[in-house]
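A.B. asks: Just so it is clear, I am handing over start-v4.pdb, which has PDB, C-alpha atoms.
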```pdb
ATOM      1  CA  MET A  14     -47.303 -42.563  -5.243
ATOM      2  CA  SER A  15     -44.399 -44.811  -4.218
ATOM      3  CA  ARG A  16     -42.309 -41.682  -3.514
ATOM      4  CA  LEU A  17     -45.061 -40.407  -1.204
ATOM      5  CA  LEU A  18     -45.172 -43.766   0.638
ATOM      6  CA  ARG A  19     -41.370 -43.747   1.048
ATOM      7  CA  LEU A  20     -41.519 -40.174   2.346
ATOM      8  CA  LEU A  21     -44.299 -41.024   4.833
ATOM      9  CA  GLY A  22     -42.450 -44.155   5.941
ATOM     10  CA  SER A  23     -39.265 -42.167   6.466
ATOM     11  CA  TRP A  24     -41.151 -39.473   8.400
ATOM     12  CA  SER A  25     -42.899 -41.988  10.675
ATOM     13  CA  PHE A  26     -39.577 -43.780  11.302
ATOM     14  CA  SER A  27     -37.910 -40.455  12.220
ATOM     15  CA  LEU A  28     -40.818 -39.510  14.483
ATOM     16  CA  GLY A  29     -40.485 -42.911  16.146
ATOM     17  CA  LEU A  30     -36.815 -42.246  16.833
ATOM     18  CA  ILE A  31     -37.774 -39.007  18.569
ATOM     19  CA  LEU A  32     -40.803 -40.238  20.528
ATOM     20  CA  VAL A  33     -39.645 -43.704  21.642
ATOM     21  CA  PRO A  34     -36.796 -42.424  23.870
ATOM     22  CA  ALA A  35     -39.135 -39.863  25.447
ATOM     23  CA  PHE A  36     -41.703 -42.512  26.375
ATOM     24  CA  THR A  37     -39.080 -45.108  27.262
ATOM     25  CA  SER A  38     -37.369 -42.839  29.788
ATOM     26  CA  GLN A  39     -40.678 -42.336  31.587
ATOM     27  CA  ALA A  40     -41.645 -46.026  31.461
ATOM     28  CA  VAL A  41     -38.292 -47.245  32.744
ATOM     29  CA  ALA A  42     -37.776 -44.770  35.573
ATOM     30  CA  ASP A  43     -34.986 -45.649  37.943
ATOM     31  CA  PRO A  44     -36.119 -47.037  41.294
ATOM     32  CA  VAL A  45     -35.295 -44.862  44.296
ATOM     33  CA  ARG A  46     -33.909 -46.586  47.392
ATOM     34  CA  SER A  47     -34.328 -44.914  50.748
ATOM     35  CA  PRO A  48     -33.800 -45.906  54.374
ATOM     36  CA  ILE A  49     -36.766 -46.267  56.709
ATOM     37  CA  PRO A  50     -36.159 -44.502  60.041
ATOM     38  CA  ALA A  51     -36.028 -46.915  63.003
ATOM     39  CA  GLN A  52     -39.120 -45.463  64.688
ATOM     40  CA  VAL A  53     -41.309 -45.872  61.566
ATOM     41  CA  THR A  54     -43.599 -48.925  61.659
ATOM     42  CA  GLN A  55     -45.920 -48.040  58.749
ATOM     43  CA  VAL A  56     -45.304 -46.990  55.175
ATOM     44  CA  ASP A  57     -48.248 -45.636  53.170
ATOM     45  CA  GLY A  58     -50.680 -47.242  55.633
ATOM     46  CA  TYR A  59     -49.054 -50.703  55.520
ATOM     47  CA  PRO A  60     -47.262 -52.279  58.495
ATOM     48  CA  PHE A  61     -43.503 -52.630  58.254
ATOM     49  CA  PRO A  62     -42.160 -53.484  61.711
ATOM     50  CA  SER A  63     -38.401 -53.504  62.331
ATOM     51  CA  LYS A  64     -38.407 -57.350  62.226
ATOM     52  CA  ILE A  65     -40.663 -60.052  60.838
ATOM     53  CA  ALA A  66     -39.993 -63.701  61.703
ATOM     54  CA  GLY A  67     -36.361 -62.974  62.540
ATOM     55  CA  LEU A  68     -35.570 -60.957  59.394
ATOM     56  CA  ALA A  69     -34.536 -57.313  59.871
ATOM     57  CA  ARG A  70     -36.125 -54.531  57.847
ATOM     58  CA  GLY A  71     -33.951 -52.842  55.240
ATOM     59  CA  GLN A  72     -34.619 -50.181  52.644
ATOM     60  CA  LYS A  73     -37.716 -49.070  50.811
ATOM     61  CA  VAL A  74     -37.652 -49.014  47.004
ATOM     62  CA  ASP A  75     -40.015 -46.688  45.105
ATOM     63  CA  TYR A  76     -40.460 -47.819  41.497
ATOM     64  CA  ASN A  77     -41.559 -44.406  40.158
ATOM     65  CA  VAL A  78     -43.919 -45.871  37.574
ATOM     66  CA  PRO A  79     -47.675 -45.474  38.064
ATOM     67  CA  GLY A  80     -49.177 -48.726  39.352
ATOM     68  CA  LEU A  81     -45.875 -50.342  40.406
ATOM     69  CA  GLY A  82     -45.835 -48.938  43.941
ATOM     70  CA  PHE A  83     -42.972 -49.769  46.280
ATOM     71  CA  SER A  84     -41.264 -52.596  48.127
ATOM     72  CA  VAL A  85     -39.520 -53.104  51.458
ATOM     73  CA  ARG A  86     -36.694 -55.604  51.953
ATOM     74  CA  TYR A  87     -36.233 -57.838  55.014
ATOM     75  CA  GLU A  88     -33.160 -60.017  55.404
ATOM     76  CA  MET A  89     -30.876 -62.204  57.408
ATOM     77  CA  PRO A  90     -27.592 -61.707  55.523
ATOM     78  CA  GLY A  91     -26.278 -64.784  53.783
ATOM     79  CA  GLU A  92     -29.315 -66.945  54.516
ATOM     80  CA  SER A  93     -32.745 -65.437  53.783
ATOM     81  CA  TRP A  94     -34.323 -62.338  52.320
ATOM     82  CA  ALA A  95     -37.842 -61.212  51.561
ATOM     83  CA  ASP A  96     -39.208 -58.355  49.509
ATOM     84  CA  ILE A  97     -42.736 -57.153  50.238
ATOM     85  CA  TYR A  98     -44.261 -55.362  47.240
ATOM     86  CA  ILE A  99     -47.281 -53.038  47.526
ATOM     87  CA  TYR A 100     -48.809 -52.090  44.151
ATOM     88  CA  ASP A 101     -52.094 -51.858  42.225
ATOM     89  CA  LEU A 102     -51.076 -51.942  38.513
ATOM     90  CA  GLY A 103     -53.477 -49.034  38.037
ATOM     91  CA  GLN A 104     -56.466 -51.320  38.643
ATOM     92  CA  ASP A 105     -59.493 -50.831  40.882
ATOM     93  CA  LEU A 106     -58.963 -53.967  42.956
ATOM     94  CA  ALA A 107     -62.007 -53.365  45.146
ATOM     95  CA  SER A 108     -64.388 -54.247  42.309
ATOM     96  CA  GLU A 109     -63.041 -57.755  41.589
ATOM     97  CA  ASP A 110     -62.638 -61.083  43.394
ATOM     98  CA  PRO A 111     -59.484 -60.683  45.542
ATOM     99  CA  ARG A 112     -58.702 -64.419  45.554
ATOM    100  CA  GLN A 113     -58.789 -64.586  41.760
ATOM    101  CA  LEU A 114     -56.679 -61.420  41.498
ATOM    102  CA  ALA A 115     -54.110 -62.865  43.922
ATOM    103  CA  ALA A 116     -53.911 -66.131  41.951
ATOM    104  CA  GLU A 117     -53.449 -64.206  38.692
ATOM    105  CA  GLN A 118     -50.639 -62.139  40.228
ATOM    106  CA  ARG A 119     -48.946 -65.262  41.576
ATOM    107  CA  ASP A 120     -49.095 -66.784  38.089
ATOM    108  CA  SER A 121     -47.753 -63.543  36.614
ATOM    109  CA  ALA A 122     -44.823 -63.711  39.068
ATOM    110  CA  LEU A 123     -44.167 -67.297  37.959
ATOM    111  CA  SER A 124     -44.111 -66.120  34.327
ATOM    112  CA  ASP A 125     -41.632 -63.383  35.276
ATOM    113  CA  ILE A 126     -39.407 -65.980  36.937
ATOM    114  CA  LYS A 127     -39.606 -68.149  33.801
ATOM    115  CA  ALA A 128     -38.512 -65.087  31.772
ATOM    116  CA  HIS A 129     -35.492 -64.729  34.092
ATOM    117  CA  VAL A 130     -34.512 -68.279  33.137
ATOM    118  CA  SER A 131     -34.904 -67.455  29.435
ATOM    119  CA  ASN A 132     -32.751 -64.331  29.689
ATOM    120  CA  GLY A 133     -30.059 -66.052  31.761
ATOM    121  CA  THR A 134     -30.570 -64.359  35.132
ATOM    122  CA  TYR A 135     -31.473 -67.759  36.591
ATOM    123  CA  GLN A 136     -30.000 -71.023  35.356
ATOM    124  CA  GLU A 137     -33.091 -72.965  36.367
ATOM    125  CA  ALA A 138     -36.423 -72.471  38.138
ATOM    126  CA  LYS A 139     -38.748 -75.346  39.021
ATOM    127  CA  VAL A 140     -42.186 -74.999  40.579
ATOM    128  CA  VAL A 141     -42.284 -77.331  43.594
ATOM    129  CA  THR A 142     -45.860 -76.552  44.692
ATOM    130  CA  LYS A 143     -48.580 -74.060  43.871
ATOM    131  CA  ALA A 144     -51.704 -73.475  45.981
ATOM    132  CA  ASP A 145     -54.430 -71.058  46.956
ATOM    133  CA  THR A 146     -55.141 -70.662  50.672
ATOM    134  CA  ALA A 147     -57.562 -68.504  52.612
ATOM    135  CA  SER A 148     -54.791 -65.964  53.249
ATOM    136  CA  TYR A 149     -52.915 -65.867  49.923
ATOM    137  CA  ALA A 150     -52.079 -67.500  46.605
ATOM    138  CA  LYS A 151     -48.647 -69.064  46.876
ATOM    139  CA  ALA A 152     -45.954 -70.952  45.026
ATOM    140  CA  HIS A 153     -42.756 -72.678  46.132
ATOM    141  CA  LEU A 154     -39.899 -72.806  43.648
ATOM    142  CA  SER A 155     -36.395 -74.166  43.494
ATOM    143  CA  ILE A 156     -34.214 -71.575  41.762
ATOM    144  CA  THR A 157     -30.623 -71.961  40.635
ATOM    145  CA  GLN A 158     -28.633 -68.772  40.162
ATOM    146  CA  LYS A 159     -24.845 -68.569  39.839
ATOM    147  CA  ASN A 160     -24.628 -72.329  40.500
ATOM    148  CA  THR A 161     -26.421 -71.985  43.862
ATOM    149  CA  THR A 162     -29.874 -73.491  44.367
ATOM    150  CA  ARG A 163     -32.232 -71.895  46.868
ATOM    151  CA  ASP A 164     -35.876 -72.225  47.809
ATOM    152  CA  SER A 165     -37.951 -69.263  46.738
ATOM    153  CA  PHE A 166     -41.567 -68.524  47.564
ATOM    154  CA  VAL A 167     -44.208 -66.201  46.172
ATOM    155  CA  PHE A 168     -47.163 -65.197  48.349
ATOM    156  CA  VAL A 169     -49.821 -62.807  47.001
ATOM    157  CA  THR A 170     -52.914 -61.321  48.610
ATOM    158  CA  VAL A 171     -55.039 -58.200  48.162
ATOM    159  CA  ALA A 172     -55.273 -55.761  51.071
ATOM    160  CA  LYS A 173     -56.385 -52.142  51.280
ATOM    161  CA  LYS A 174     -56.983 -51.874  47.527
ATOM    162  CA  ASN A 175     -53.477 -53.068  46.632
ATOM    163  CA  PHE A 176     -51.684 -56.271  45.815
ATOM    164  CA  VAL A 177     -49.342 -57.391  48.561
ATOM    165  CA  LYS A 178     -46.730 -59.753  47.146
ATOM    166  CA  ILE A 179     -44.011 -61.371  49.209
ATOM    167  CA  ARG A 180     -41.016 -62.920  47.477
ATOM    168  CA  TYR A 181     -39.101 -64.938  50.089
ATOM    169  CA  THR A 182     -35.790 -66.620  49.181
ATOM    170  CA  THR A 183     -33.687 -68.759  51.493
ATOM    171  CA  SER A 184     -30.916 -71.294  51.715
ATOM    172  CA  ALA A 185     -32.158 -72.546  55.117
ATOM    173  CA  LYS A 186     -32.959 -76.256  55.473
ATOM    174  CA  ASN A 187     -36.450 -75.662  56.907
ATOM    175  CA  ALA A 188     -37.443 -73.342  54.037
ATOM    176  CA  ASP A 189     -41.159 -74.226  53.931
ATOM    177  CA  ARG A 190     -41.685 -73.560  57.608
ATOM    178  CA  ILE A 191     -39.791 -70.262  57.809
ATOM    179  CA  ALA A 192     -41.304 -68.860  54.595
ATOM    180  CA  GLU A 193     -44.822 -69.737  55.812
ATOM    181  CA  GLN A 194     -44.026 -68.174  59.191
ATOM    182  CA  PHE A 195     -42.885 -64.945  57.529
ATOM    183  CA  ALA A 196     -45.941 -64.736  55.256
ATOM    184  CA  SER A 197     -48.377 -65.617  58.053
ATOM    185  CA  GLU A 198     -46.854 -63.058  60.388
ATOM    186  CA  TYR A 199     -47.119 -60.339  57.742
ATOM    187  CA  VAL A 200     -50.721 -61.262  56.876
ATOM    188  CA  ARG A 201     -51.509 -61.080  60.597
ATOM    189  CA  GLN A 202     -49.900 -57.601  60.698
ATOM    190  CA  LEU A 203     -52.099 -56.554  57.757
ATOM    191  CA  GLY A 204     -55.195 -57.670  59.636
ATOM    192  CA  GLN A 205     -54.304 -55.604  62.704
ATOM    193  CA  ARG A 206     -54.336 -52.304  60.815
TER     194      ARG A 206
END
```
Would you write out, as structure tokens, the structure that this file holds?

C.D. replies:
Amino acid sequence: MSRLLRLLGSWSFSLGLILVPAFTSQAVADPVRSPIPAQVTQVDGYPFPSKIAGLARGQKVDYNVPGLGFSVRYEMPGESWADIYIYDLGQDLASEDPRQLAAEQRDSALSDIKAHVSNGTYQEAKVVTKADTASYAKAHLSITQKNTTRDSFVFVTVAKKNFVKIRYTTSAKNADRIAEQFASEYVRQLGQR
């Protein structure tokens, strides 16, 4: 009997060695970066103008994992950058309370940031404020990375059956105002479509 258990254990371990890499390669697909032509102002039905609140549009990143969607980067080199993520996590977002979903996603983003501190990507991350507004769930953080501290913001809403998450990071002195301006301008763009 013990020989049979050892044999089954060995077989299941060997099968695991074969199957885990196959599933892992699909789950951790490499993101694909691609330019957005200048004349394009929408991507998958979402507005992405050439500039938002003074930040210029950059590349699109497709995450190639079901439910993770894509993101578009906006930036002012050396000072501020924002990534706008469009995703659904494979959920039917139309059937639930969008404000609660947005707050849960904001809190999930905060947990991810805390994990970046644990794994050493960030030296420190402190939540400055956290709130829910009519337009989005948001959080303001102070993040230290490579001995540089910046203000970072998370804004999350639900629009067109997807989460729309903005991660805005800046070294500007008027961080609150410019991050709010960026998020408000994008939410306004969402409402016009």

A.B. asks: From the list A:Gln158, A:Ser93, A:Thr54, A:Ser148, which residue is nearest A:Arg180 when using all atoms listed in the file?

C.D. replies: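 Using all atoms listed in the file, A:Arg180 sits closest to A:Ser93.
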
A.B. asks: Quick one: pull the distance between atom CA of A:Arg163 and atom CA of A:Gln136, Å, one decimal.

C.D. replies: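 One can read the atom CA of A:Arg163 to atom CA of A:Gln136 distance as 11.8 Å.
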
A.B. asks: Using only C-alpha atoms, find the one residue out of A:Asn175, A:Ser63, A:Gln55, A:Ser155 that sits nearest to A:Gln118.

C.D. replies: A:Asn175

A.B. asks: Out of A:Met89, A:Leu106, A:Val167, A:Ile191, which residue has the shortest atom-to-atom distance to A:Ile126 when counting only C-alpha atoms?

C.D. replies: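 Among the listed residues, A:Val167 lies closest to A:Ile126.
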
A.B. asks: Tell me, in Å to one decimal, how far atom CA of A:Gly67 is from atom CA of A:Glu117.

C.D. replies: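 Rounded to one decimal, the two atoms are 29.4 Å apart.
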
A.B. asks: Considering all atoms listed in the file, state which residue in the set A:Val169, A:Leu203, A:Ala66, A:Ile156 is at the smallest distance from A:Ser184.

C.D. replies: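 Using all atoms listed in the file, the shortest distance to A:Ser184 belongs to A:Ile156.
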
A.B. asks: My structure is short of atoms at stretch 159-170 of chain A; please model all heavy atoms there, returning them as a compact mmCIF listing (two decimals), in the frame of the given file.

C.D. replies:
```
# COMPACT_ATOMS: atom_id res chain seq x y z
N LYS A 159 -26.29 -68.55 39.60
CA LYS A 159 -24.84 -68.57 39.84
C LYS A 159 -24.42 -69.87 40.52
O LYS A 159 -23.68 -69.87 41.50
CB LYS A 159 -24.42 -67.35 40.65
CG LYS A 159 -24.67 -66.04 39.95
CD LYS A 159 -24.26 -64.86 40.80
CE LYS A 159 -24.59 -63.56 40.08
NZ LYS A 159 -24.35 -62.40 40.90
N ASN A 160 -24.95 -70.97 40.02
CA ASN A 160 -24.63 -72.33 40.50
C ASN A 160 -25.04 -72.60 41.95
O ASN A 160 -24.57 -73.55 42.55
CB ASN A 160 -23.14 -72.64 40.30
CG ASN A 160 -22.76 -72.65 38.84
OD1 ASN A 160 -23.50 -73.16 38.00
ND2 ASN A 160 -21.62 -72.06 38.51
N THR A 161 -25.90 -71.77 42.51
CA THR A 161 -26.42 -71.98 43.86
C THR A 161 -27.93 -72.16 43.77
O THR A 161 -28.62 -71.33 43.17
CB THR A 161 -26.09 -70.79 44.78
OG1 THR A 161 -24.67 -70.63 44.83
CG2 THR A 161 -26.62 -71.01 46.19
N THR A 162 -28.43 -73.23 44.37
CA THR A 162 -29.87 -73.49 44.37
C THR A 162 -30.45 -73.11 45.72
O THR A 162 -29.93 -73.49 46.77
CB THR A 162 -30.16 -74.97 44.05
OG1 THR A 162 -29.58 -75.27 42.76
CG2 THR A 162 -31.65 -75.24 44.01
N ARG A 163 -31.54 -72.34 45.66
CA ARG A 163 -32.23 -71.90 46.87
C ARG A 163 -33.73 -72.14 46.70
O ARG A 163 -34.24 -72.24 45.59
CB ARG A 163 -32.02 -70.41 47.11
CG ARG A 163 -30.60 -70.02 47.45
CD ARG A 163 -30.51 -68.52 47.73
NE ARG A 163 -29.18 -68.13 48.12
CZ ARG A 163 -28.23 -67.75 47.28
NH1 ARG A 163 -28.47 -67.70 45.99
NH2 ARG A 163 -27.04 -67.40 47.73
N ASP A 164 -34.42 -72.19 47.84
CA ASP A 164 -35.88 -72.22 47.81
C ASP A 164 -36.37 -70.79 47.72
O ASP A 164 -35.85 -69.90 48.39
CB ASP A 164 -36.41 -72.88 49.09
CG ASP A 164 -36.12 -74.36 49.13
OD1 ASP A 164 -36.74 -75.08 48.34
OD2 ASP A 164 -35.28 -74.78 49.95
N SER A 165 -37.36 -70.59 46.89
CA SER A 165 -37.95 -69.26 46.74
C SER A 165 -39.47 -69.41 46.75
O SER A 165 -40.00 -70.37 46.21
CB SER A 165 -37.48 -68.62 45.44
OG SER A 165 -37.83 -67.26 45.40
N PHE A 166 -40.12 -68.46 47.38
CA PHE A 166 -41.57 -68.52 47.56
C PHE A 166 -42.20 -67.23 47.10
O PHE A 166 -41.62 -66.15 47.25
CB PHE A 166 -41.91 -68.73 49.05
CG PHE A 166 -41.33 -69.99 49.62
CD1 PHE A 166 -40.01 -70.05 50.05
CD2 PHE A 166 -42.11 -71.14 49.70
CE1 PHE A 166 -39.48 -71.22 50.56
CE2 PHE A 166 -41.57 -72.32 50.22
CZ PHE A 166 -40.26 -72.35 50.65
N VAL A 167 -43.40 -67.35 46.55
CA VAL A 167 -44.21 -66.20 46.17
C VAL A 167 -45.52 -66.32 46.92
O VAL A 167 -46.17 -67.37 46.88
CB VAL A 167 -44.48 -66.17 44.65
CG1 VAL A 167 -45.40 -65.01 44.29
CG2 VAL A 167 -43.19 -66.12 43.86
N PHE A 168 -45.89 -65.27 47.65
CA PHE A 168 -47.16 -65.20 48.35
C PHE A 168 -47.85 -63.92 47.88
O PHE A 168 -47.22 -62.86 47.89
CB PHE A 168 -46.97 -65.10 49.87
CG PHE A 168 -46.21 -66.23 50.49
CD1 PHE A 168 -44.84 -66.17 50.65
CD2 PHE A 168 -46.88 -67.36 50.93
CE1 PHE A 168 -44.13 -67.21 51.23
CE2 PHE A 168 -46.19 -68.41 51.52
CZ PHE A 168 -44.81 -68.34 51.67
N VAL A 169 -49.11 -64.00 47.46
CA VAL A 169 -49.82 -62.81 47.00
C VAL A 169 -51.20 -62.76 47.63
O VAL A 169 -51.92 -63.77 47.69
CB VAL A 169 -49.98 -62.78 45.46
CG1 VAL A 169 -50.65 -61.48 45.02
CG2 VAL A 169 -48.65 -62.95 44.76
N THR A 170 -51.57 -61.57 48.11
CA THR A 170 -52.91 -61.32 48.61
C THR A 170 -53.32 -59.92 48.17
O THR A 170 -52.51 -59.18 47.59
CB THR A 170 -52.98 -61.48 50.15
OG1 THR A 170 -54.36 -61.47 50.56
CG2 THR A 170 -52.23 -60.38 50.88
```
